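Asks: My file is start.txt. It has compact mmCIF, C-alpha atoms:
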# COMPACT_ATOMS: atom_id res chain seq x y z
CA MET A 1 13.27 -10.19 -49.95
CA PRO A 2 16.36 -10.41 -52.11
CA HIS A 3 19.17 -8.11 -51.00
CA ARG A 4 20.37 -9.42 -53.30
CA MET A 5 -1.24 9.26 -64.62
CA HIS A 6 -3.72 10.92 -65.37
CA PRO A 7 -3.30 12.99 -68.53
CA ARG A 8 -5.08 16.30 -68.13
CA ARG A 9 -2.75 19.27 -68.52
CA PRO A 10 -1.03 19.34 -71.95
CA ALA A 11 2.23 20.87 -70.72
CA ALA A 12 2.65 18.29 -67.97
CA ARG A 13 1.69 15.47 -70.33
CA HIS A 14 4.35 16.63 -72.81
CA ALA A 15 6.94 16.73 -70.02
CA VAL A 16 6.17 13.15 -68.98
CA ALA A 17 6.41 11.95 -72.58
CA LEU A 18 9.72 13.76 -73.03
CA VAL A 19 11.24 12.43 -69.83
CA SER A 20 9.99 8.88 -70.38
CA GLY A 21 11.39 8.86 -73.90
CA ILE A 22 14.79 10.08 -72.82
CA VAL A 23 15.13 7.98 -69.67
CA LEU A 24 14.90 4.69 -71.62
CA GLY A 25 18.18 3.26 -73.01
CA LEU A 26 22.09 2.68 -72.43
CA GLY A 27 23.54 -0.69 -71.65
CA MET A 28 25.92 -0.63 -68.70
CA PRO A 29 29.38 -2.17 -68.56
CA ALA A 30 29.27 -5.71 -67.16
CA ALA A 31 30.11 -5.57 -63.44
CA ALA A 32 29.13 -6.99 -60.08
CA PHE A 33 27.30 -3.73 -59.29
CA GLU A 34 24.16 -4.64 -61.20
CA ALA A 35 21.91 -2.15 -62.93
CA PRO A 36 18.28 -2.90 -63.81
CA ALA A 37 18.13 -4.79 -67.09
CA ILE A 38 14.73 -3.42 -68.12
CA PRO A 39 13.63 0.12 -68.94
CA TRP A 40 12.22 2.28 -66.17
CA GLY A 41 8.42 2.04 -66.19
CA PRO A 42 6.81 2.01 -62.73
CA ALA A 43 3.48 0.39 -61.96
CA THR A 44 0.94 3.02 -60.92
CA TYR A 45 -2.09 3.02 -58.66
CA THR A 46 -4.62 5.68 -57.71
CA CYS A 47 -5.18 5.16 -53.97
CA PRO A 48 -8.69 6.24 -52.92
CA HIS A 49 -9.62 7.92 -49.67
CA LEU A 50 -11.79 5.45 -47.76
CA GLY A 51 -14.86 6.93 -46.12
CA THR A 52 -15.11 4.03 -43.65
CA PRO A 53 -12.08 2.26 -42.15
CA PRO A 54 -11.94 -1.40 -43.18
CA THR A 55 -12.06 -4.05 -40.50
CA ILE A 56 -8.55 -5.49 -40.25
CA ASP A 57 -9.39 -9.18 -40.04
CA GLY A 58 -7.37 -10.50 -42.97
CA GLN A 59 -10.39 -10.65 -45.29
CA PRO A 60 -10.39 -7.57 -47.53
CA ASP A 61 -13.89 -7.99 -48.87
CA ASP A 62 -15.99 -5.69 -46.67
CA ARG A 63 -17.80 -2.66 -48.08
CA ALA A 64 -15.06 -0.27 -46.95
CA TRP A 65 -12.80 -1.66 -49.68
CA SER A 66 -15.33 -1.17 -52.50
CA ALA A 67 -13.69 2.02 -53.79
CA ALA A 68 -10.24 0.39 -54.03
CA PRO A 69 -9.68 -1.67 -57.20
CA TRP A 70 -7.40 -4.68 -57.24
CA SER A 71 -4.08 -4.17 -58.98
CA GLU A 72 -2.93 -6.05 -62.02
CA PRO A 73 -1.33 -9.41 -61.11
CA PHE A 74 2.26 -9.34 -59.93
CA THR A 75 5.10 -10.04 -62.35
CA ASP A 76 8.45 -11.69 -61.77
CA ILE A 77 10.98 -9.37 -60.15
CA GLN A 78 12.99 -9.39 -63.39
CA GLY A 79 9.95 -8.44 -65.44
CA PRO A 80 9.72 -9.85 -68.97
CA LEU A 81 13.23 -11.32 -68.85
CA VAL A 82 12.03 -14.58 -67.26
CA PRO A 83 8.86 -16.71 -67.07
CA GLN A 84 6.03 -15.14 -65.16
CA PRO A 85 4.66 -16.23 -61.75
CA ARG A 86 3.03 -19.61 -61.26
CA PHE A 87 0.41 -18.17 -58.88
CA ARG A 88 -1.50 -14.90 -58.96
CA THR A 89 -0.91 -12.08 -56.47
CA ARG A 90 -2.80 -8.77 -56.33
CA VAL A 91 -2.99 -5.79 -53.98
CA ARG A 92 -5.42 -3.01 -53.23
CA MET A 93 -4.78 0.19 -51.29
CA GLY A 94 -6.69 2.92 -49.48
CA TRP A 95 -6.12 5.71 -46.99
CA ASP A 96 -7.72 8.02 -44.48
CA ALA A 97 -6.49 10.57 -41.93
CA ASP A 98 -4.99 7.89 -39.69
CA TYR A 99 -3.79 4.96 -41.79
CA PHE A 100 -2.43 3.72 -45.09
CA TYR A 101 -4.35 0.53 -45.82
CA VAL A 102 -2.94 -2.37 -47.84
CA ALA A 103 -4.64 -5.64 -48.73
CA ALA A 104 -3.17 -8.56 -50.65
CA LYS A 105 -4.60 -11.72 -52.14
CA LEU A 106 -2.13 -14.54 -52.77
CA ASP A 107 -3.30 -17.60 -54.67
CA GLU A 108 -1.53 -20.65 -53.23
CA PRO A 109 -2.38 -24.36 -53.37
CA HIS A 110 -0.31 -25.17 -50.27
CA VAL A 111 -0.25 -22.52 -47.54
CA TRP A 112 2.45 -22.95 -44.92
CA GLY A 113 4.49 -20.99 -42.42
CA THR A 114 6.99 -21.72 -39.66
CA LEU A 115 8.24 -18.45 -38.15
CA VAL A 116 6.40 -17.10 -35.12
CA GLU A 117 8.89 -14.63 -33.57
CA ARG A 118 8.45 -10.96 -34.46
CA ASP A 119 11.36 -9.57 -36.48
CA ALA A 120 12.56 -13.01 -37.52
CA VAL A 121 13.84 -13.10 -41.10
CA ILE A 122 10.37 -13.66 -42.49
CA TYR A 123 11.36 -14.21 -46.13
CA HIS A 124 12.74 -17.61 -45.08
CA ASP A 125 9.04 -18.50 -45.24
CA ASN A 126 6.71 -17.63 -48.10
CA ASP A 127 5.74 -14.04 -47.38
CA PHE A 128 4.20 -10.75 -48.50
CA GLU A 129 6.31 -7.58 -48.34
CA VAL A 130 5.71 -3.81 -48.45
CA PHE A 131 8.34 -1.15 -49.27
CA ILE A 132 7.66 2.58 -48.74
CA ASP A 133 9.88 5.53 -49.76
CA PRO A 134 7.57 8.54 -49.34
CA ASP A 135 9.84 11.24 -50.77
CA GLY A 136 11.42 9.12 -53.51
CA ASP A 137 15.02 9.92 -52.52
CA ASN A 138 16.20 6.25 -52.42
CA HIS A 139 17.13 6.66 -48.72
CA LEU A 140 15.41 6.22 -45.35
CA TYR A 141 12.60 3.90 -46.35
CA GLY A 142 10.50 1.34 -44.54
CA GLU A 143 9.99 -2.36 -45.15
CA LEU A 144 7.40 -4.73 -43.71
CA GLU A 145 7.15 -8.50 -44.21
CA ILE A 146 4.41 -10.86 -43.06
CA ASN A 147 3.95 -14.63 -43.40
CA ALA A 148 0.85 -16.82 -43.40
CA LEU A 149 1.06 -17.14 -39.61
CA GLY A 150 0.74 -13.36 -39.34
CA THR A 151 4.29 -12.94 -38.04
CA VAL A 152 5.72 -9.50 -38.87
CA TRP A 153 9.20 -8.18 -39.56
CA ASP A 154 9.46 -4.41 -39.91
CA LEU A 155 12.73 -2.64 -40.54
CA LEU A 156 14.13 0.68 -41.68
CA LEU A 157 16.78 1.12 -44.37
CA ALA A 158 18.96 4.19 -43.98
CA ARG A 159 19.98 3.56 -47.59
CA PRO A 160 19.90 0.56 -49.94
CA TYR A 161 22.18 -2.42 -49.32
CA ARG A 162 24.02 -1.58 -52.56
CA ASP A 163 25.07 1.68 -50.88
CA GLY A 164 26.05 0.14 -47.57
CA GLY A 165 22.68 -0.01 -45.79
CA PRO A 166 22.38 -0.32 -42.88
CA ALA A 167 19.15 -2.12 -42.02
CA ILE A 168 17.68 -1.07 -38.67
CA ASP A 169 15.77 -4.04 -37.24
CA GLN A 170 14.92 -2.12 -34.07
CA TRP A 171 12.51 0.11 -36.01
CA ASP A 172 8.91 -0.87 -35.30
CA ILE A 173 5.77 0.44 -36.98
CA ALA A 174 4.10 1.55 -33.76
CA GLY A 175 0.35 1.02 -33.90
CA LEU A 176 0.46 -1.33 -36.89
CA LYS A 177 -2.69 -3.38 -37.41
CA SER A 178 -2.25 -6.61 -39.34
CA ALA A 179 -4.21 -9.78 -39.99
CA VAL A 180 -4.05 -12.86 -42.22
CA ALA A 181 -6.83 -15.20 -43.34
CA ILE A 182 -6.28 -18.66 -44.85
CA ASP A 183 -8.56 -19.93 -47.60
CA GLY A 184 -7.83 -23.56 -46.85
CA THR A 185 -5.81 -25.20 -44.09
CA LEU A 186 -2.46 -23.98 -42.84
CA ASN A 187 0.48 -26.42 -42.76
CA ASP A 188 -1.61 -29.38 -43.89
CA PRO A 189 -0.32 -30.99 -47.12
CA ARG A 190 -3.15 -33.53 -47.20
CA ASP A 191 -5.44 -31.15 -49.07
CA GLN A 192 -5.20 -28.36 -51.62
CA ASP A 193 -5.73 -24.76 -50.51
CA ARG A 194 -6.90 -21.73 -52.44
CA GLY A 195 -4.60 -19.14 -50.91
CA TRP A 196 -4.24 -16.52 -48.21
CA THR A 197 -5.10 -12.86 -47.78
CA VAL A 198 -3.47 -10.05 -45.82
CA GLU A 199 -4.75 -6.76 -44.43
CA LEU A 200 -2.51 -4.01 -43.04
CA ALA A 201 -3.28 -0.63 -41.49
CA ILE A 202 -0.02 1.34 -41.29
CA PRO A 203 -0.31 4.48 -39.11
CA TRP A 204 0.82 7.74 -40.65
CA LYS A 205 2.26 8.64 -37.23
CA ALA A 206 4.78 5.81 -37.64
CA LEU A 207 5.72 6.88 -41.17
CA ALA A 208 5.92 10.63 -40.50
CA PRO A 209 9.49 10.59 -39.08
CA ILE A 210 10.83 9.00 -42.28
CA ALA A 211 8.50 10.64 -44.81
CA GLY A 212 10.43 13.82 -45.57
CA ARG A 213 7.11 15.37 -46.67
CA ALA A 214 3.49 15.79 -45.61
CA CYS A 215 2.26 12.73 -43.72
CA PRO A 216 -0.55 11.86 -44.08
CA PRO A 217 -0.05 12.77 -47.73
CA LEU A 218 -1.85 15.64 -49.39
CA PRO A 219 -4.36 14.72 -52.09
CA GLY A 220 -2.42 14.56 -55.35
CA ASP A 221 0.85 13.47 -53.70
CA VAL A 222 2.72 10.52 -55.22
CA TRP A 223 4.75 8.12 -53.07
CA ARG A 224 7.18 5.45 -54.23
CA ILE A 225 5.92 2.08 -53.00
CA ASN A 226 6.41 -1.54 -53.99
CA PHE A 227 5.18 -4.97 -52.96
CA SER A 228 6.90 -8.33 -53.17
CA ARG A 229 5.95 -11.95 -52.65
CA VAL A 230 8.60 -14.53 -51.79
CA GLN A 231 7.64 -18.05 -52.88
CA TRP A 232 9.74 -21.15 -52.13
CA ARG A 233 9.38 -24.43 -54.02
CA THR A 234 8.45 -27.26 -51.67
CA GLU A 235 7.73 -30.96 -51.48
CA VAL A 236 6.03 -33.10 -48.86
CA GLN A 237 8.26 -35.17 -46.57
CA GLY A 238 7.02 -36.95 -43.48
CA GLY A 239 3.65 -35.24 -43.69
CA ALA A 240 5.17 -31.73 -43.72
CA TYR A 241 6.34 -29.21 -46.30
CA ARG A 242 10.07 -29.07 -47.02
CA LYS A 243 11.93 -26.72 -49.35
CA LEU A 244 13.35 -28.32 -52.46
CA THR A 245 17.13 -28.48 -52.31
CA ASP A 246 19.99 -28.56 -54.75
CA ALA A 247 21.23 -32.14 -55.07
CA THR A 248 24.87 -31.01 -55.11
CA THR A 249 24.95 -28.42 -52.33
CA GLY A 250 22.02 -29.56 -50.20
CA ARG A 251 20.89 -25.95 -49.96
CA ALA A 252 17.36 -24.77 -50.67
CA LEU A 253 16.73 -23.85 -54.28
CA PRO A 254 16.50 -20.08 -54.87
CA GLU A 255 13.13 -18.57 -54.03
CA ASP A 256 10.84 -16.94 -56.56
CA ASN A 257 10.30 -13.21 -56.17
CA TRP A 258 7.07 -11.79 -57.56
CA VAL A 259 6.45 -8.06 -57.42
CA TRP A 260 3.98 -5.31 -58.23
CA SER A 261 6.50 -3.12 -60.08
CA PRO A 262 9.39 -5.11 -61.66
CA GLN A 263 12.98 -4.30 -60.77
CA GLY A 264 14.83 -5.72 -63.77
CA LEU A 265 17.18 -7.67 -61.51
CA ILE A 266 16.86 -9.91 -58.43
CA ALA A 267 17.03 -7.13 -55.84
CA MET A 268 14.14 -5.32 -54.22
CA HIS A 269 16.34 -2.55 -52.92
CA CYS A 270 16.41 -0.40 -56.04
CA PRO A 271 13.83 2.18 -54.91
CA GLU A 272 14.03 4.09 -58.18
CA MET A 273 12.28 1.11 -59.82
CA TRP A 274 9.36 0.96 -57.37
CA GLY A 275 5.80 1.79 -58.29
CA GLU A 276 4.03 5.13 -57.86
CA VAL A 277 0.94 5.55 -55.69
CA LEU A 278 -1.19 8.66 -56.19
CA PHE A 279 -3.24 9.56 -53.10
CA ASN A 280 -6.69 10.61 -54.24
CA ASP A 281 -9.43 12.37 -52.29
CA GLY A 282 -12.02 12.72 -55.02
CA GLY A 283 -10.57 16.01 -56.25
CA GLY A 284 -10.89 15.04 -59.91
CA PRO A 285 -8.77 16.74 -62.59
CA ALA A 286 -6.89 19.00 -60.15
CA GLU A 287 -5.57 16.04 -58.16
CA GLU A 288 -4.78 14.15 -61.33
CA ALA A 289 -2.80 17.11 -62.66
CA ASP A 290 -0.86 17.34 -59.38
CA GLY A 291 -0.06 13.64 -59.62
CA LEU A 292 1.04 13.96 -63.22
CA ARG A 293 3.41 16.81 -62.37
CA GLU A 294 4.94 14.82 -59.51
CA HIS A 295 5.32 11.78 -61.76
CA ALA A 296 7.18 13.99 -64.24
CA ARG A 297 9.53 15.24 -61.53
CA LEU A 298 10.19 11.72 -60.29
CA ALA A 299 10.96 10.67 -63.87
CA MET A 300 13.25 13.67 -64.28
CA ALA A 301 15.17 12.78 -61.11
CA ASN A 302 15.44 9.18 -62.28
CA GLY A 303 17.28 10.51 -65.31
CA LEU A 304 20.35 10.66 -63.05
CA MET A 305 20.28 6.96 -62.16
CA PRO A 306 22.12 5.80 -65.32
CA LEU A 307 24.97 8.14 -64.40
CA TYR A 308 25.00 6.71 -60.87
CA TYR A 309 25.19 3.14 -62.21
CA ARG A 310 27.96 4.01 -64.68
CA GLN A 311 29.96 5.64 -61.90
CA GLN A 312 29.58 2.56 -59.69
CA ALA A 313 30.63 0.28 -62.56
CA ARG A 314 33.65 2.51 -63.21
CA ARG A 315 34.69 2.42 -59.57
CA GLU A 316 34.49 -1.37 -59.55
CA ALA A 317 36.60 -1.58 -62.70
CA LYS A 318 39.15 1.16 -61.96
CA GLY A 319 38.99 1.77 -58.22
CA SER A 320 37.76 5.35 -58.44
CA TYR A 321 34.89 7.49 -59.64
CA ALA A 322 35.23 9.79 -62.63
CA ALA A 323 35.83 13.35 -61.52
CA SER A 324 34.05 14.88 -64.51
CA LEU A 325 31.43 14.04 -67.12
CA ALA A 326 34.10 14.00 -69.81
CA GLU A 327 36.12 11.44 -67.85
CA LEU A 328 32.94 9.36 -67.54
CA GLY A 329 32.47 9.47 -71.30
CA VAL A 330 29.58 11.94 -71.35
CA PRO A 331 30.24 14.87 -73.71
CA ASN A 332 29.10 18.37 -72.84
CA GLY A 333 25.40 18.85 -73.56
CA GLN A 334 24.59 15.13 -73.41
CA TRP A 335 23.50 12.59 -70.79
CA LEU A 336 23.16 8.86 -70.30
CA LEU A 337 20.06 6.88 -71.17
CA TRP A 338 18.37 4.34 -68.89
CA PRO A 339 19.98 0.91 -68.51
CA GLY A 340 18.33 -2.11 -70.06
CA ASP A 341 16.65 -0.69 -73.13
CA THR A 342 19.19 -0.24 -75.93
CA PRO A 343 22.49 -2.07 -75.42
CA ASP A 344 25.56 0.06 -76.10
CA ALA A 345 23.49 3.17 -76.87
CA PRO A 346 25.66 6.28 -76.89
CA PRO A 347 24.89 9.30 -74.70
CA ALA A 348 21.95 11.34 -76.00
CA PRO A 349 21.57 15.11 -76.45
CA LEU A 350 19.96 16.91 -73.53
CA PRO A 351 16.60 18.52 -74.31
CA GLY A 352 16.52 22.27 -74.74
CA GLY A 353 16.68 24.09 -71.41
CA TRP A 354 18.26 21.10 -69.62
CA THR A 355 21.80 21.09 -68.22
CA LEU A 356 23.87 18.34 -66.55
CA ASP A 357 26.87 19.04 -64.34
CA MET A 358 29.04 16.85 -62.14
CA THR A 359 31.83 17.36 -59.67
CA GLY A 360 33.76 14.63 -57.93
CA GLY A 361 36.92 12.92 -56.85
CA ALA A 362 38.29 9.41 -56.50
CA ASP A 363 35.80 8.43 -53.78
CA TRP A 364 32.85 10.79 -54.28
CA PHE A 365 30.72 12.54 -56.87
CA ARG A 366 27.69 14.78 -57.08
CA ALA A 367 25.70 15.30 -60.28
CA THR A 368 23.05 17.96 -60.88
CA LEU A 369 20.36 17.95 -63.56
CA THR A 370 18.63 21.29 -64.08
CA THR A 371 15.40 21.30 -66.10
CA PRO A 372 12.20 23.32 -66.51
CA LEU A 373 10.59 20.74 -64.21
CA GLY A 374 13.01 21.46 -61.38
CA VAL A 375 16.47 20.44 -60.20
CA ALA A 376 17.60 16.90 -59.33
CA VAL A 377 20.83 15.89 -57.60
CA ILE A 378 22.41 12.49 -57.01
CA ASP A 379 25.52 11.58 -55.03
CA ASP A 380 27.83 8.58 -54.76
CA LYS A 381 25.51 6.98 -52.14
CA GLY A 382 22.60 7.01 -54.61
CA LYS A 383 20.58 9.66 -52.77
CA LEU A 384 18.22 11.52 -55.07
CA GLU A 385 17.23 15.04 -54.14
CA ARG A 386 14.83 17.15 -56.15
CA THR A 387 13.30 20.62 -56.00
CA PRO A 388 10.61 21.71 -56.00
Could you express the structure from this file as structure tokens?

Replies:
Amino acid sequence: MPHRMHPRRPAARHAVALVSGIVLGLGMPAAAFEAPAIPWGPATYTCPHLGTPPTIDGQPDDRAWSAAPWSEPFTDIQGPLVPQPRFRTRVRMGWDADYFYVAAKLDEPHVWGTLVERDAVIYHDNDFEVFIDPDGDNHLYGELEINALGTVWDLLLARPYRDGGPAIDQWDIAGLKSAVAIDGTLNDPRDQDRGWTVELAIPWKALAPIAGRACPPLPGDVWRINFSRVQWRTEVQGGAYRKLTDATTGRALPEDNWVWSPQGLIAMHCPEMWGEVLFNDGGGPAEEADGLREHARLAMANGLMPLYYRQQARREAKGSYAASLAELGVPNGQWLLWPGDTPDAPPAPLPGGWTLDMTGGADWFRATLTTPLGVAVIDDKGKLERTP
């Protein structure tokens, strides 16, 4: 854990194409406050309603899972910027009135784990991680990590680490069901394993206080969710696994981070880059149209993230935020394009019917994007608000 949809309705489909085309572009000034170095393009998944609850035994192969397809394999956290994962990871999801179900399959020739205390820093072992931001506002989201021993760490982020956190370790997912199964032998380097699997049943009752919206979700709702796998490089010493270390510092080599929806930098806590999960209840085109409209609104709100990143870079360089769009280098009637696509791209014209305004001072700002899709607002702490 580095701290470090369904095209049906022509108007909605046109809106998604418009937003996606505009949100891609603008290289950011070099600064310690990193922006994603790839275009915005979330992984998507249609999460089916499960008629029968799966048995949470760590083996996600019972009939209850048959309606839930496996995802595409995970990519590196930086996406196409670096070599892709050495081992395959996939997830599947489902839901019913009581739980959000997650299953993961992690290919791994040597399965190991050391941490047995709940709420230990689980990513010091190889692990599987879940991130959930139901209302897509970048704030108040949950995180869950689990290792091959089945040890869990669950925590709540009031806001991302980049915006000052804090992380709330005391938050527990009350009623969580979790299980792990090993396809091989745990902590035994004498043989070669095939991997490990995870099953989670996350109660809606535990998520409702942080959801900011209907929980359980309504059919057609889209939540921002991501998954990560931390993978350390190891060797065998004295009959046990040991992390490879840097010969100069003696410290463990950096871990690999493999994710469902790439971030474009080595940091999971950029919620605007997470994937999108559409909750489906067999409603067909109507649910798909609802999901498409919400995707368009999420994309529209994300159109403010380049401005947020430019403001943060400016504050690092000059000690203060710009108080106006003009001071930030954004002419009237234009806006910034997404980081990571076209280096040094100039601001682009706003589409017809769209307006961008910003107020601010040395230590704060608030920008508002008004469009036919709705209104989005972002502030200096990175909180995204959108209506409807």

Asks: Which residues are close to A:Thr114, i.e. within 12 Å by only C-alpha atoms, leaving aside same-chain residues fewer than 6 positions away? Reply as a compact mmCIF listing (two decimals) with C-alpha atoms, in the coordinates of the input.

Replies:
# COMPACT_ATOMS: atom_id res chain seq x y z
CA ALA A 120 12.56 -13.01 -37.52
CA VAL A 121 13.84 -13.10 -41.10
CA ILE A 122 10.37 -13.66 -42.49
CA TYR A 123 11.36 -14.21 -46.13
CA HIS A 124 12.74 -17.61 -45.08
CA ASP A 125 9.04 -18.50 -45.24
CA ASN A 126 6.71 -17.63 -48.10
CA ASP A 127 5.74 -14.04 -47.38
CA ILE A 146 4.41 -10.86 -43.06
CA ASN A 147 3.95 -14.63 -43.40
CA ALA A 148 0.85 -16.82 -43.40
CA LEU A 149 1.06 -17.14 -39.61
CA GLY A 150 0.74 -13.36 -39.34
CA THR A 151 4.29 -12.94 -38.04
CA LEU A 186 -2.46 -23.98 -42.84
CA ASN A 187 0.48 -26.42 -42.76
CA ALA A 240 5.17 -31.73 -43.72
CA TYR A 241 6.34 -29.21 -46.30
CA ARG A 242 10.07 -29.07 -47.02
CA LYS A 243 11.93 -26.72 -49.35

Asks: What's the 9 Å shell around A:Ser228, counting only C-alpha atoms, without same-chain residues fewer than 5 positions away, as an mmCIF file with C-alpha atoms, in the coordinates of the input?

Replies:
data_model
loop_
_atom_site.group_PDB
_atom_site.id
_atom_site.type_symbol
_atom_site.label_atom_id
_atom_site.label_comp_id
_atom_site.auth_asym_id
_atom_site.auth_seq_id
_atom_site.Cartn_x
_atom_site.Cartn_y
_atom_site.Cartn_z
ATOM 1 C CA MET A 1 13.270 -10.190 -49.950
ATOM 2 C CA PHE A 74 2.260 -9.340 -59.930
ATOM 3 C CA ILE A 77 10.980 -9.370 -60.150
ATOM 4 C CA ASP A 127 5.740 -14.040 -47.380
ATOM 5 C CA PHE A 128 4.200 -10.750 -48.500
ATOM 6 C CA GLU A 129 6.310 -7.580 -48.340
ATOM 7 C CA VAL A 130 5.710 -3.810 -48.450
ATOM 8 C CA PHE A 131 8.340 -1.150 -49.270
ATOM 9 C CA GLU A 145 7.150 -8.500 -44.210
ATOM 10 C CA ASN A 257 10.300 -13.210 -56.170
ATOM 11 C CA TRP A 258 7.070 -11.790 -57.560
ATOM 12 C CA VAL A 259 6.450 -8.060 -57.420
ATOM 13 C CA TRP A 260 3.980 -5.310 -58.230
ATOM 14 C CA SER A 261 6.500 -3.120 -60.080
ATOM 15 C CA MET A 268 14.140 -5.320 -54.220
#

Asks: Could I get the residues of stretch 102-142 of chain A with an atom no further than 10 Å from an atom of stretch 203-210 of chain A, each paired with its nearest atom pair and that distance in Å to one decimal, using only C-alpha atoms, sorted by chain and residue number, as CSV?

Replies:
residue,atom,partner,partner_atom,distance
A:Ile132,CA,A:Leu207,CA,8.9
A:Asp133,CA,A:Ile210,CA,8.3
A:Pro134,CA,A:Ile210,CA,7.8
A:Asp135,CA,A:Ile210,CA,8.8
A:His139,CA,A:Ile210,CA,9.3
A:Leu140,CA,A:Ile210,CA,6.2
A:Tyr141,CA,A:Ile210,CA,6.8
A:Gly142,CA,A:Ile210,CA,8.0

Asks: Could you write out the selected residues, including C-alpha atoms, as a PDB file, in the frame of the given file?

Replies:
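In the end it all went to out11.pdb:
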ATOM      1  CA  ILE A 132       7.660   2.580 -48.740  1.00  0.00           C
ATOM      2  CA  ASP A 133       9.880   5.530 -49.760  1.00  0.00           C
ATOM      3  CA  PRO A 134       7.570   8.540 -49.340  1.00  0.00           C
ATOM      4  CA  ASP A 135       9.840  11.240 -50.770  1.00  0.00           C
ATOM      5  CA  HIS A 139      17.130   6.660 -48.720  1.00  0.00           C
ATOM      6  CA  LEU A 140      15.410   6.220 -45.350  1.00  0.00           C
ATOM      7  CA  TYR A 141      12.600   3.900 -46.350  1.00  0.00           C
ATOM      8  CA  GLY A 142      10.500   1.340 -44.540  1.00  0.00           C
TER       9      GLY A 142
END

Asks: Report the distance between atom CA of A:Val230 and atom CA of A:Pro109 in Å, rounded to one decimal place.

Replies: 14.8 Å

Asks: Would you list the residues near (12.7, -5.2, -61.5) (no more than 10 Å away, in the coordinates of the file, using only C-alpha atoms) as a PyMOL selection string?

Replies: chain A and resi 35-42+75-81+257-274

Asks: For A:Leu155, list every protein, DNA or RNA residue within 10 Å, evaluated using only C-alpha atoms, and leave out those in the same chain fewer than 4 positions away; present the list as a list of chain:residue names.

Replies: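 Near A:Leu155, the qualifying residues are A:Asp119, A:Phe131, A:Tyr141, A:Gly142, A:Glu143, A:Leu144, A:Glu145, A:Ala167, A:Ile168, A:Asp169, A:Gln170, A:Trp171, A:Asp172, A:Ile173.
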
Asks: Using Å and a single decimal, report how far atom CA of A:Thr89 sits from atom CA of A:Asn302.

Replies: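 It comes out at 27.4 Å.
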
Asks: Could you please determine the separation between atom CA of A:Val91 and atom CA of A:Pro73 in Å, to one decimal place?

Replies: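 These two atoms are separated by 8.2 Å.
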
Asks: Looking at A:Pro306, A:Pro285, A:Gly353, A:Gly164, which one is nearest to A:Gly340, with distances taken over only C-alpha atoms?

Replies: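 For A:Gly340, the nearest of the candidates is A:Pro306.
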
Asks: Using all atoms listed in the file, determine which residues lie at most 8 Å from A:His49, disregarding the query and same-chain residues fewer than 5 positions distant; provide the list as a ChimeraX atom specification.

Replies: /A:94-96,279-282

Asks: If we count only C-alpha atoms and set the cut-off at 12 Å, which residues sit around A:Pro349, ignoring sequence neighbours fewer than 6 positions away in its own chain? Please answer as a list in words.

Replies: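 Neighbouring residues, sequence-local ones excluded: Ile22, Val23, Val330, Pro331, Asn332, Gly333, Gln334, Trp335, Leu336, Leu337, Thr355 and Leu356 of chain A.
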
Asks: What residues have an atom no more than 12 Å from (21.8, 14.1, -54.2) in the file's own frame, counting only C-alpha atoms, and can you write them as a ChimeraX atom specification?

Replies: /A:136-139,301-302,304-305,308,358-359,364-369,375-387

Asks: Generate the output file for the selected residues, C-alpha atoms, as a compact mmCIF listing (two decimals), in the frame of the given file.

Replies:
# COMPACT_ATOMS: atom_id res chain seq x y z
CA GLY A 136 11.42 9.12 -53.51
CA ASP A 137 15.02 9.92 -52.52
CA ASN A 138 16.20 6.25 -52.42
CA HIS A 139 17.13 6.66 -48.72
CA ALA A 301 15.17 12.78 -61.11
CA ASN A 302 15.44 9.18 -62.28
CA LEU A 304 20.35 10.66 -63.05
CA MET A 305 20.28 6.96 -62.16
CA TYR A 308 25.00 6.71 -60.87
CA MET A 358 29.04 16.85 -62.14
CA THR A 359 31.83 17.36 -59.67
CA TRP A 364 32.85 10.79 -54.28
CA PHE A 365 30.72 12.54 -56.87
CA ARG A 366 27.69 14.78 -57.08
CA ALA A 367 25.70 15.30 -60.28
CA THR A 368 23.05 17.96 -60.88
CA LEU A 369 20.36 17.95 -63.56
CA VAL A 375 16.47 20.44 -60.20
CA ALA A 376 17.60 16.90 -59.33
CA VAL A 377 20.83 15.89 -57.60
CA ILE A 378 22.41 12.49 -57.01
CA ASP A 379 25.52 11.58 -55.03
CA ASP A 380 27.83 8.58 -54.76
CA LYS A 381 25.51 6.98 -52.14
CA GLY A 382 22.60 7.01 -54.61
CA LYS A 383 20.58 9.66 -52.77
CA LEU A 384 18.22 11.52 -55.07
CA GLU A 385 17.23 15.04 -54.14
CA ARG A 386 14.83 17.15 -56.15
CA THR A 387 13.30 20.62 -56.00
